[in-house]
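**Student:** My structure file upload.csv, CSV, C-alpha atoms and all ligand atoms, is below:
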chain,number,residue,atom,x,y,z
O,30,MET,CA,45.4,-49.7,41.6
O,31,THR,CA,44.4,-52.1,38.9
O,32,ASP,CA,45.3,-51.7,35.2
O,33,LYS,CA,41.7,-51.2,34.3
O,34,LYS,CA,41.4,-47.8,35.9
O,35,PRO,CA,41.7,-44.9,33.4
O,36,ILE,CA,45.0,-43.1,33.6
O,37,ARG,CA,45.0,-39.9,35.6
O,38,ILE,CA,46.4,-36.8,34.0
O,39,LEU,CA,47.4,-33.8,36.1
O,40,SER,CA,48.9,-30.4,35.4
O,41,GLY,CA,49.0,-27.0,37.0
O,42,ILE,CA,49.7,-23.4,35.9
O,43,GLN,CA,50.6,-20.5,38.1
O,44,PRO,CA,48.2,-17.5,38.0
O,45,SER,CA,51.1,-15.1,37.8
O,46,GLY,CA,50.4,-13.3,34.5
O,47,ALA,CA,48.6,-13.4,31.1
O,48,LEU,CA,48.7,-16.6,29.1
O,49,HIS,CA,51.2,-16.6,26.2
O,50,VAL,CA,51.9,-18.6,23.1
O,51,GLY,CA,54.6,-20.7,25.0
O,52,ASN,CA,52.2,-21.6,27.8
O,53,TYR,CA,49.5,-22.5,25.2
O,54,PHE,CA,51.6,-24.9,23.0
O,55,GLY,CA,53.9,-26.1,25.9
O,56,MET,CA,51.2,-27.0,28.3
O,57,MET,CA,47.6,-26.0,27.6
O,58,GLU,CA,47.1,-27.5,24.2
O,59,PRO,CA,48.6,-30.9,25.2
O,60,ALA,CA,46.5,-30.8,28.4
O,61,VAL,CA,43.3,-30.2,26.5
O,62,ALA,CA,44.2,-32.9,24.0
O,63,LEU,CA,44.8,-35.4,26.9
O,64,GLN,CA,41.3,-34.9,28.4
O,65,ALA,CA,40.1,-37.6,26.0
O,66,GLU,CA,42.7,-40.2,27.3
O,67,GLY,CA,41.7,-40.5,30.9
O,68,GLU,CA,40.6,-38.6,34.0
O,69,ALA,CA,42.2,-35.1,33.7
O,70,LEU,CA,42.7,-32.8,36.6
O,71,TYR,CA,44.0,-29.3,36.0
O,72,PHE,CA,44.5,-26.7,38.6
O,73,ILE,CA,45.4,-23.1,39.2
O,74,ALA,CA,48.5,-23.0,41.3
O,75,ASP,CA,47.7,-20.1,43.6
O,76,TYR,CA,49.8,-21.5,46.6
O,77,HIS,CA,52.8,-21.6,44.2
O,78,ALA,CA,52.1,-18.1,42.9
O,79,LEU,CA,52.5,-16.8,46.5
O,80,THR,CA,56.3,-17.4,46.1
O,81,SER,CA,56.3,-14.4,43.7
O,82,LEU,CA,53.1,-12.5,44.0
O,83,ARG,CA,52.2,-10.5,47.2
O,84,ASP,CA,49.1,-8.7,46.0
O,85,PRO,CA,45.9,-10.4,47.3
O,86,GLU,CA,43.6,-8.8,44.8
O,87,ALA,CA,45.9,-9.5,41.9
O,88,LEU,CA,46.2,-13.2,43.0
O,89,ARG,CA,42.4,-13.6,43.2
O,90,GLU,CA,41.9,-11.9,39.9
O,91,ASN,CA,44.7,-13.8,38.1
O,92,SER,CA,43.3,-17.0,39.4
O,93,ARG,CA,39.9,-16.4,37.9
O,94,ARG,CA,41.5,-15.3,34.6
O,95,VAL,CA,43.6,-18.4,34.3
O,96,ALA,CA,40.4,-20.5,34.8
O,97,LEU,CA,38.7,-18.4,32.1
O,98,ASP,CA,41.7,-18.8,29.8
O,99,PHE,CA,41.8,-22.5,30.3
O,100,LEU,CA,38.1,-22.9,29.6
O,101,ALA,CA,38.4,-20.7,26.5
O,102,CYS,CA,41.3,-22.9,25.3
O,103,GLY,CA,39.1,-25.9,25.3
O,104,LEU,CA,39.1,-27.4,28.8
O,105,ASP,CA,35.8,-29.1,29.0
O,106,PRO,CA,34.5,-29.2,32.6
O,107,ASN,CA,32.3,-32.2,31.7
O,108,ARG,CA,35.3,-34.2,31.0
O,109,ALA,CA,38.1,-32.7,33.1
O,110,THR,CA,38.3,-31.3,36.6
O,111,LEU,CA,39.4,-27.7,36.9
O,112,PHE,CA,40.1,-26.4,40.4
O,113,ARG,CA,42.0,-24.0,42.6
O,114,HIS,CA,45.1,-25.3,44.3
O,115,SER,CA,44.1,-23.7,47.6
O,116,ASP,CA,40.7,-25.4,47.5
O,117,VAL,CA,42.7,-28.6,48.4
O,118,PRO,CA,44.7,-27.5,51.5
O,119,GLN,CA,45.6,-31.1,52.3
O,120,VAL,CA,48.2,-30.7,49.7
O,121,THR,CA,50.3,-28.6,52.0
O,122,GLU,CA,50.1,-31.3,54.6
O,123,LEU,CA,51.5,-33.8,52.1
O,124,ALA,CA,54.2,-31.3,51.2
O,125,TRP,CA,55.2,-31.2,54.8
O,126,ILE,CA,55.4,-35.0,55.0
O,127,LEU,CA,57.4,-35.2,51.8
O,128,SER,CA,59.8,-32.5,53.1
O,129,THR,CA,60.7,-34.8,56.0
O,130,VAL,CA,62.2,-37.3,53.5
O,131,ALA,CA,63.4,-34.9,50.9
O,132,PRO,CA,67.2,-34.8,50.8
O,133,MET,CA,68.6,-31.2,50.9
O,134,GLY,CA,71.0,-32.0,48.1
O,135,LEU,CA,68.2,-33.0,45.8
O,136,LEU,CA,66.6,-29.5,46.2
O,137,GLU,CA,69.9,-27.7,46.1
O,138,ARG,CA,70.4,-29.1,42.6
O,139,ALA,CA,67.1,-27.7,41.3
O,140,HIS,CA,67.8,-25.1,38.6
O,141,SER,CA,64.5,-23.3,38.8
O,142,TYR,CA,65.3,-22.0,42.3
O,143,LYS,CA,68.7,-20.7,41.1
O,144,ASP,CA,67.1,-19.2,38.0
O,145,LYS,CA,64.5,-17.4,40.1
O,146,LEU,CA,67.1,-16.0,42.5
O,147,ALA,CA,69.1,-14.8,39.5
O,148,ARG,CA,65.9,-12.9,38.3
O,149,GLY,CA,65.7,-11.1,41.7
O,150,LEU,CA,63.0,-13.1,43.5
O,151,PRO,CA,63.6,-13.2,47.3
O,152,ALA,CA,65.4,-16.3,48.6
O,153,THR,CA,62.6,-17.7,50.8
O,154,VAL,CA,62.1,-21.2,52.2
O,155,GLY,CA,58.9,-21.4,50.1
O,156,LEU,CA,60.7,-20.7,46.9
O,157,PHE,CA,63.4,-23.2,47.8
O,158,SER,CA,60.9,-26.0,48.7
O,159,TYR,CA,58.6,-25.2,45.7
O,160,PRO,CA,59.5,-28.6,44.1
O,161,VAL,CA,58.3,-30.4,47.3
O,162,LEU,CA,54.9,-28.7,47.0
O,163,MET,CA,54.8,-29.5,43.3
O,164,ALA,CA,55.5,-33.2,44.1
O,165,ALA,CA,52.6,-33.2,46.6
O,166,ASP,CA,50.4,-31.6,43.9
O,167,ILE,CA,51.1,-34.6,41.6
O,168,LEU,CA,51.2,-37.4,44.1
O,169,ILE,CA,48.1,-36.5,46.0
O,170,TYR,CA,46.0,-37.4,43.0
O,171,ASP,CA,47.8,-40.7,42.1
O,172,SER,CA,48.7,-39.0,38.8
O,173,ASP,CA,50.1,-41.1,35.9
O,174,VAL,CA,50.9,-38.4,33.3
O,175,VAL,CA,51.9,-34.8,33.7
O,176,PRO,CA,51.8,-32.6,30.6
O,177,VAL,CA,54.2,-29.7,30.9
O,178,GLY,CA,56.9,-27.8,29.0
O,179,LYS,CA,60.5,-28.8,29.1
O,180,ASP,CA,61.4,-26.3,31.9
O,181,GLN,CA,59.3,-28.4,34.3
O,182,LYS,CA,61.1,-31.7,33.5
O,183,GLN,CA,63.4,-31.6,36.5
O,184,HIS,CA,60.4,-31.0,38.8
O,185,ILE,CA,58.8,-34.2,37.7
O,186,GLU,CA,62.1,-36.1,38.2
O,187,ILE,CA,62.2,-34.7,41.8
O,188,THR,CA,58.6,-35.8,42.2
O,189,ARG,CA,59.6,-39.4,41.2
O,190,ASP,CA,62.6,-39.3,43.6
O,191,LEU,CA,60.4,-38.2,46.5
O,192,ALA,CA,57.8,-40.9,45.6
O,193,VAL,CA,60.5,-43.6,45.7
O,194,LYS,CA,61.9,-42.2,49.0
O,195,MET,CA,58.4,-42.4,50.5
O,196,ASN,CA,57.8,-45.9,49.2
O,197,GLU,CA,61.2,-47.1,50.5
O,198,THR,CA,60.7,-45.5,53.9
O,199,PHE,CA,57.0,-46.2,54.6
O,200,GLY,CA,55.8,-48.5,51.8
O,201,GLN,CA,56.3,-51.9,53.6
O,202,GLN,CA,52.7,-52.2,54.8
O,203,GLU,CA,51.2,-51.4,51.4
O,204,GLN,CA,49.8,-54.2,49.2
O,205,ASP,CA,52.4,-53.7,46.5
O,206,GLY,CA,55.0,-52.1,48.7
O,207,ARG,CA,54.4,-48.6,47.6
O,208,ILE,CA,52.4,-45.7,48.7
O,209,PHE,CA,52.8,-43.7,45.5
O,210,LYS,CA,52.9,-44.6,41.9
O,211,LEU,CA,55.6,-42.9,39.8
O,212,PRO,CA,54.2,-40.2,37.5
O,213,GLU,CA,55.6,-39.5,34.1
O,214,ALA,CA,56.2,-36.1,32.4
O,215,ARG,CA,54.5,-35.8,29.0
O,216,ILE,CA,56.6,-33.3,27.1
O,217,LYS,CA,55.7,-32.7,23.4
O,218,ALA,CA,58.9,-32.6,21.5
O,219,ALA,CA,57.7,-30.1,18.9
O,220,THR,CA,56.6,-27.6,21.5
O,221,GLU,CA,58.9,-28.3,24.4
O,222,THR,CA,60.4,-24.8,24.2
O,223,VAL,CA,58.6,-22.2,22.3
O,224,PRO,CA,60.8,-19.2,21.5
O,225,GLY,CA,59.9,-15.6,22.5
O,226,ILE,CA,60.4,-12.5,20.4
O,227,ASP,CA,64.1,-12.4,21.3
O,228,GLY,CA,64.6,-16.0,20.3
O,229,GLN,CA,65.1,-17.2,23.9
O,230,LYS,CA,62.5,-19.4,25.6
O,231,MET,CA,59.2,-17.5,25.7
O,232,SER,CA,58.5,-16.5,29.3
O,233,LYS,CA,56.6,-13.7,31.0
O,234,SER,CA,59.6,-13.1,33.2
O,235,TYR,CA,61.9,-12.5,30.3
O,236,GLY,CA,59.4,-9.9,28.8
O,237,ASN,CA,59.6,-11.7,25.4
O,238,ASN,CA,56.1,-13.1,25.4
O,239,ILE,CA,53.3,-12.9,22.9
O,240,ASP,CA,50.0,-13.1,24.9
O,241,ILE,CA,47.2,-14.9,23.2
O,242,PHE,CA,44.3,-12.9,24.6
O,243,GLY,CA,45.9,-9.5,24.3
O,244,ASP,CA,44.4,-6.9,21.9
O,245,GLU,CA,45.1,-7.0,18.2
O,246,LYS,CA,47.4,-4.0,18.1
O,247,GLU,CA,49.5,-5.3,20.9
O,248,MET,CA,49.8,-8.8,19.3
O,249,ARG,CA,50.8,-7.2,16.0
O,250,ARG,CA,53.4,-4.9,17.8
O,251,ARG,CA,54.9,-7.9,19.6
O,252,VAL,CA,55.2,-10.0,16.4
O,253,MET,CA,56.7,-7.0,14.4
O,254,SER,CA,59.4,-6.7,17.1
O,255,ILE,CA,60.7,-10.2,16.7
O,256,VAL,CA,64.4,-10.0,16.6
O,257,THR,CA,65.9,-11.1,13.3
O,258,ASP,CA,69.4,-11.1,11.8
O,259,SER,CA,70.5,-8.6,9.2
O,260,THR,CA,70.2,-10.7,6.1
O,261,PRO,CA,69.2,-8.4,3.2
O,262,VAL,CA,65.8,-8.8,1.6
O,263,GLU,CA,67.1,-10.3,-1.6
O,264,GLU,CA,69.2,-13.0,0.0
O,265,LEU,CA,68.0,-16.5,1.0
O,266,LYS,CA,67.3,-17.0,4.7
O,267,ASP,CA,67.5,-20.1,7.0
O,268,PRO,CA,64.1,-21.1,8.3
O,269,ALA,CA,65.6,-23.4,10.9
O,270,LYS,CA,67.2,-20.4,12.7
O,271,SER,CA,64.2,-18.1,12.4
O,272,THR,CA,61.9,-17.4,15.4
O,273,ILE,CA,59.3,-16.2,12.8
O,274,PHE,CA,59.3,-19.5,11.0
O,275,LYS,CA,59.3,-21.6,14.3
O,276,LEU,CA,56.2,-19.7,15.5
O,277,TYR,CA,54.5,-19.9,12.1
O,278,SER,CA,55.0,-23.6,12.1
O,279,LEU,CA,52.9,-23.9,15.3
O,280,VAL,CA,49.8,-22.2,13.8
O,281,ALA,CA,49.9,-22.7,10.0
O,282,SER,CA,48.8,-25.6,7.9
O,283,LYS,CA,51.4,-28.0,6.4
O,284,GLU,CA,51.0,-26.4,2.9
O,285,GLU,CA,51.4,-22.9,4.4
O,286,ILE,CA,54.5,-23.9,6.3
O,287,ALA,CA,56.0,-25.5,3.1
O,288,ALA,CA,55.2,-22.3,1.2
O,289,MET,CA,56.9,-20.1,3.8
O,290,ARG,CA,60.0,-22.4,3.9
O,291,GLU,CA,60.3,-22.1,0.1
O,292,ARG,CA,60.1,-18.3,0.3
O,293,PHE,CA,62.8,-18.3,3.0
O,294,LEU,CA,65.1,-20.4,0.9
O,295,LYS,CA,64.4,-18.5,-2.3
O,296,GLY,CA,65.3,-15.0,-1.1
O,297,GLY,CA,63.6,-11.8,-2.2
O,298,THR,CA,61.2,-11.5,0.8
O,299,GLY,CA,62.1,-9.4,3.8
O,300,TYR,CA,61.5,-10.4,7.4
O,301,GLY,CA,58.9,-7.7,7.7
O,302,ASP,CA,56.6,-9.5,5.3
O,303,PHE,CA,57.1,-12.8,7.0
O,304,LYS,CA,56.2,-11.2,10.3
O,305,LYS,CA,53.0,-9.8,8.9
O,306,GLN,CA,52.1,-13.3,7.7
O,307,LEU,CA,52.8,-14.7,11.1
O,308,PHE,CA,50.7,-12.1,12.8
O,309,GLU,CA,47.7,-12.9,10.5
O,310,LYS,CA,48.0,-16.6,11.2
O,311,LEU,CA,48.4,-16.2,15.0
O,312,TRP,CA,45.4,-13.8,15.2
O,313,GLU,CA,43.3,-16.2,13.1
O,314,TYR,CA,44.4,-19.3,15.1
O,315,PHE,CA,43.3,-17.9,18.4
O,316,ALA,CA,40.0,-16.4,17.1
O,317,PRO,CA,37.7,-19.2,18.1
O,318,MET,CA,39.2,-19.2,21.6
O,319,ARG,CA,38.7,-15.4,21.9
O,320,LYS,CA,35.1,-15.9,20.9
O,321,ARG,CA,34.6,-18.7,23.5
O,322,ARG,CA,36.3,-16.5,26.1
O,323,GLU,CA,33.7,-13.7,25.5
O,324,GLU,CA,30.9,-16.2,25.8
O,325,ILE,CA,32.2,-17.4,29.1
O,326,LEU,CA,32.7,-13.9,30.4
O,327,ALA,CA,29.0,-13.1,29.7
O,328,ASP,CA,27.9,-15.8,32.2
O,329,LYS,CA,28.9,-14.4,35.5
O,330,SER,CA,28.5,-17.5,37.6
O,331,TYR,CA,30.0,-20.0,35.2
O,332,ILE,CA,33.6,-19.9,36.3
O,333,ASP,CA,32.7,-20.2,40.0
O,334,SER,CA,30.4,-23.1,39.4
O,335,VAL,CA,33.1,-25.0,37.4
O,336,LEU,CA,35.7,-24.3,40.2
O,337,LYS,CA,33.3,-25.5,42.9
O,338,LYS,CA,32.5,-28.7,41.1
O,339,GLY,CA,36.3,-29.2,40.4
O,340,ALA,CA,37.2,-28.6,44.1
O,341,ALA,CA,34.7,-31.3,45.2
O,342,ARG,CA,36.2,-33.9,42.9
O,343,ALA,CA,39.8,-33.0,43.7
O,344,ASN,CA,39.1,-33.2,47.4
O,345,GLU,CA,37.5,-36.5,47.1
O,346,ILE,CA,40.6,-38.0,45.5
O,347,ALA,CA,43.0,-36.1,47.8
O,348,ASP,CA,41.2,-37.3,50.9
O,349,GLN,CA,41.5,-40.9,49.8
O,350,VAL,CA,45.2,-40.6,49.1
O,351,MET,CA,45.9,-38.7,52.3
O,352,LYS,CA,44.2,-41.4,54.4
O,353,ARG,CA,46.6,-43.9,52.9
O,354,VAL,CA,49.6,-41.6,53.6
O,355,ARG,CA,48.6,-40.7,57.1
O,356,GLU,CA,48.2,-44.4,58.0
O,357,ALA,CA,51.5,-45.3,56.4
O,358,VAL,CA,53.5,-42.7,58.3
O,359,GLY,CA,51.8,-43.2,61.6
O,360,LEU,CA,49.7,-40.1,61.9
O,361,ARG,CA,46.5,-42.2,62.4
F,401,LIG,P1,56.5,-18.4,32.4
F,401,LIG,O1,57.9,-19.0,32.0
F,401,LIG,O2,56.0,-17.5,31.4
F,401,LIG,O3,56.5,-17.9,33.8
F,401,LIG,P2,55.2,-20.7,33.5
F,401,LIG,O4,56.4,-21.1,34.2
F,401,LIG,O5,54.0,-20.1,34.3
F,401,LIG,O6,55.5,-19.7,32.3
F,401,LIG,O7,54.7,-22.0,32.7
F,401,LIG,C1,53.4,-22.6,32.7
F,401,LIG,C2,53.4,-23.8,31.8
F,401,LIG,O8,53.7,-23.4,30.4
F,401,LIG,C3,54.5,-24.8,32.2
F,401,LIG,O9,54.0,-26.1,32.0
F,401,LIG,C4,55.6,-24.5,31.3
F,401,LIG,O10,56.5,-25.6,31.0
F,401,LIG,C5,54.9,-24.1,30.0
F,401,LIG,N1,55.7,-23.1,29.3
F,401,LIG,C6,56.0,-21.9,29.6
F,401,LIG,N2,56.8,-21.3,28.7
F,401,LIG,C7,57.0,-22.2,27.7
F,401,LIG,C8,57.7,-22.1,26.5
F,401,LIG,N3,58.3,-21.1,26.1
F,401,LIG,N4,57.7,-23.3,25.7
F,401,LIG,C9,57.0,-24.4,26.1
F,401,LIG,N5,56.3,-24.5,27.3
F,401,LIG,C10,56.3,-23.4,28.1
F,402,LIG,N1,55.6,-25.4,38.5
F,402,LIG,C1,54.6,-25.3,37.4
F,402,LIG,C2,55.0,-24.0,36.6
F,402,LIG,O1,55.6,-23.1,37.1
F,402,LIG,C3,53.2,-25.2,37.9
F,402,LIG,C4,52.8,-26.4,38.6
F,402,LIG,C5,52.6,-26.4,40.0
F,402,LIG,C6,52.6,-27.7,38.1
F,402,LIG,N2,52.3,-27.7,40.4
F,402,LIG,C7,52.3,-28.5,39.3
F,402,LIG,C8,52.7,-28.3,36.9
F,402,LIG,C9,52.0,-29.9,39.1
F,402,LIG,C10,52.4,-29.6,36.7
F,402,LIG,C11,52.1,-30.4,37.9
F,402,LIG,O2,54.6,-23.9,35.5
As a first step, turn the structure in this file into structure tokens.

**Tutor:**
Amino acid sequence: MTDKKPIRILSGIQPSGALHVGNYFGMMEPAVALQAEGEALYFIADYHALTSLRDPEALRENSRRVALDFLACGLDPNRATLFRHSDVPQVTELAWILSTVAPMGLLERAHSYKDKLARGLPATVGLFSYPVLMAADILIYDSDVVPVGKDQKQHIEITRDLAVKMNETFGQQEQDGRIFKLPEARIKAATETVPGIDGQKMSKSYGNNIDIFGDEKEMRRRVMSIVTDSTPVEELKDPAKSTIFKLYSLVASKEEIAAMRERFLKGGTGYGDFKKQLFEKLWEYFAPMRKRREEILADKSYIDSVLKKGAARANEIADQVMKRVREAVGLR
């Protein structure tokens, strides 16, 4: 591990539903931007999706769709590696090894497990140990940077804790005393938590999402149902508290944002008009990606060929790291 090596960037997304504006600005857009900064590896977390999805056809179909969406959003397979989680099964072996040093208390403190139970997901061992598999996802590629939304921050902290545990327990024989390097979360402050139509964090599990590749009518309907307060048309409105304004700020130009802010502060414009403006901008913003998506869809074998190439590269790295890990713990 010399300093000259390009940094390695890694992220994953579960194939558990359609891509929404929160996923795009929280994770995809930063991930696509980072392709230029080092070796990027992005994967479709189908092993993870098994904790909530028990429909084999849907899992297969969603996985292909996430690949399609990622490519449509600008992932360039000539610069970045796109692959399916389950094409690198060694990751489950690493998850097992990590689980043998993972303190129960560390996982018991994880809020995503508690949140998922509260939402009615079954309390399985897989759901509980999800952060261990996620740590394996990251550590198996010697990742330096992990672009994610704020909700994943704790998972990256757990990953670092497990890397330290492994280094302390088994790192003595390594050149620099460590088996794993410590990855860092890359969370973009401006988009760390994109609000949904009810003002809470946008999430498909809260049903407050605006999907980016849905049809026009549906996107308009979702935007028009953004929850607002009851300030009358003529009164001035606070942009800082408005979901409409926050979403508009993600997709409009500086001048357009300033103009909307002024109209908020001046009064005389109703929320309905602001929503129409937001819808127009959102629809326009994602137009080139919709076009690219149609082009990719027209080439039947494209996605499979990208995923095949991605799997080969991901396996190459994972095999090297697993060799190191197996030796360090005494499995070889
Ligand atoms: P969901 O909450 O809809 O199930 P996921 O958990 O599949 O979304 O999230 C996939 C990626 O998108 C993660 O990196 C997550 O941090 C990011 N993300 C999801 N929702 C948001 C949001 N509202 N704001 C910012 N990032 C988000
Ligand atoms: N847990 C992430 C989510 O629900 C997906 C994920 C799995 C991930 N493994 C990862 C993200 C590794 C970044 C790095 O969105």

**Student:** Would you list the residues that come within 9 Å of ligand LIG 401 (chain F)? Count only C-alpha atoms and all ligand atoms and give the answer as a VMD selection string.

**Tutor:** chain O and resid 40 to 57 176 to 182 216 to 217 220 to 225 229 to 236 238

**Student:** Which is closer to Met253 (chain O) than all the others in O:Leu97, O:Leu307, O:Ala219, O:Leu82, using all atoms listed in the file?

**Tutor:**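 Smallest separation from Met253 (chain O) among the options: O:Leu307.
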
**Student:** Counting only C-alpha atoms and all ligand atoms, figure out which residue out of O:Pro85, O:Gly200, O:Pro160, O:Gly134 gets nearest to ligand LIG 402 (chain F).

**Tutor:**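 Result for the nearest residue to ligand LIG 402 (chain F): O:Pro160.
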
**Student:** For each of O:Gly297, O:Pro118, O:Pro261, O:Gly67, take the minimum atom-to-atom distance to Ala347 (chain O), counting all atoms listed in the file, then give the residue where this is smallest.

**Tutor:**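 Residue with the minimum atom-to-atom distance to Ala347 (chain O): O:Pro118.
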
**Student:** Quick one: distance from CA of Asp227 (chain O) to CA of Val262 (chain O) in Å, one decimal?

**Tutor:**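 So the two atoms, CA of Asp227 (chain O) and CA of Val262 (chain O), lie 20.1 Å apart.
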
**Student:** Under the rule that only C-alpha atoms are counted, which of O:Gln201, O:Ser330, O:Ser278, O:Thr260 is the nearest residue to Gln306 (chain O)?

**Tutor:**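 Checking each candidate against Gln306 (chain O), we get O:Ser278 as the closest.
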
**Student:** Could you state the separation of CA of Phe157 (chain O) and CA of Ala192 (chain O) in Å, given to one decimal place?

**Tutor:**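 CA of Ala192 (chain O) lies 18.7 Å from CA of Phe157 (chain O).
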
**Student:** If we count all atoms listed in the file and set the cut-off at 9 Å, which residues sit around Arg207 (chain O), ignoring sequence neighbours fewer than 2 positions away in its own chain? Please answer as a PyMOL selection string.

**Tutor:** chain O and resi 192-193+195-197+199-205+209-210

**Student:** Since we have the selection now, will you write its residues out, keeping C-alpha atoms, as a compact mmCIF listing (two decimals), in the frame of the given file?

**Tutor:**
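Written file, again06.txt:
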# COMPACT_ATOMS: atom_id res chain seq x y z
CA ALA O 192 57.80 -40.90 45.60
CA VAL O 193 60.50 -43.60 45.70
CA MET O 195 58.40 -42.40 50.50
CA ASN O 196 57.80 -45.90 49.20
CA GLU O 197 61.20 -47.10 50.50
CA PHE O 199 57.00 -46.20 54.60
CA GLY O 200 55.80 -48.50 51.80
CA GLN O 201 56.30 -51.90 53.60
CA GLN O 202 52.70 -52.20 54.80
CA GLU O 203 51.20 -51.40 51.40
CA GLN O 204 49.80 -54.20 49.20
CA ASP O 205 52.40 -53.70 46.50
CA PHE O 209 52.80 -43.70 45.50
CA LYS O 210 52.90 -44.60 41.90

**Student:** For atom C7 of ligand LIG 402 (chain F) and CA of Leu111 (chain O), quote the distance in Å rounded to one decimal.

**Tutor:**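 The value is 13.1 Å.
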
**Student:** Compare O:Ala152, O:Ala164, O:Pro35, O:Phe99 by their minimum atom-to-atom distance to ligand LIG 402 (chain F), counting only C-alpha atoms and all ligand atoms, and give me the closest one.

**Tutor:**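 Closest residue, counting only C-alpha atoms and all ligand atoms: O:Ala164.
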
**Student:** Compute the distance from (53.9, -45.2, 30.5) to each atom, counting only C-alpha atoms, keep the residues with any atom at most 10 Å away, and return them as a PyMOL selection string; use the coordinates of the file.

**Tutor:** chain O and resi 36+173-174+211-215

**Student:** Between O:Lys143, O:Lys34, O:Arg292, O:His184, which one has atoms that come closest to ligand LIG 402 (chain F), using only C-alpha atoms and all ligand atoms?

**Tutor:** O:His184

**Student:** For Ser92 (chain O), list every protein, DNA or RNA residue within 7 Å, evaluated using only C-alpha atoms, and leave out those in the same chain fewer than 4 positions away; present the list as a list in words.

**Tutor:**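 Near Ser92 (chain O), the qualifying residues are Pro44, Ile73, Asp75, Leu88 and Ala96 of chain O.
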
**Student:** Counting all atoms listed in the file, write as a list in words all protein and nucleic acid residues lying at most 6 Å from (48.4, -22.1, 14.2) in the file's frame.

**Tutor:**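 Every polymer residue passing the test: Leu279, Val280, Ala281, Leu311 and Tyr314 of chain O.
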
**Student:** Quick one: residues within 12 Å of Glu263 (chain O), only C-alpha atoms counted, chain neighbours fewer than 2 positions away excluded, as a PyMOL selection string?

**Tutor:** chain O and resi 259-261+265-266+292-300

**Student:** I'd like the neighbourhood of Gly155 (chain O) as a ChimeraX atom specification, where a residue qualifies if any of its atoms comes within 9 Å (using only C-alpha atoms), though same-chain residues fewer than 3 positions away should be ignored.

**Tutor:** /O:77,79-80,152,158-159,162

**Student:** What's around Arg355 (chain O) at 10 Å? Count only C-alpha atoms, leave out sequence neighbours fewer than 6 positions away in its own chain, and write the answer as a PyMOL selection string.

**Tutor:** chain O and resi 122-123+126+361
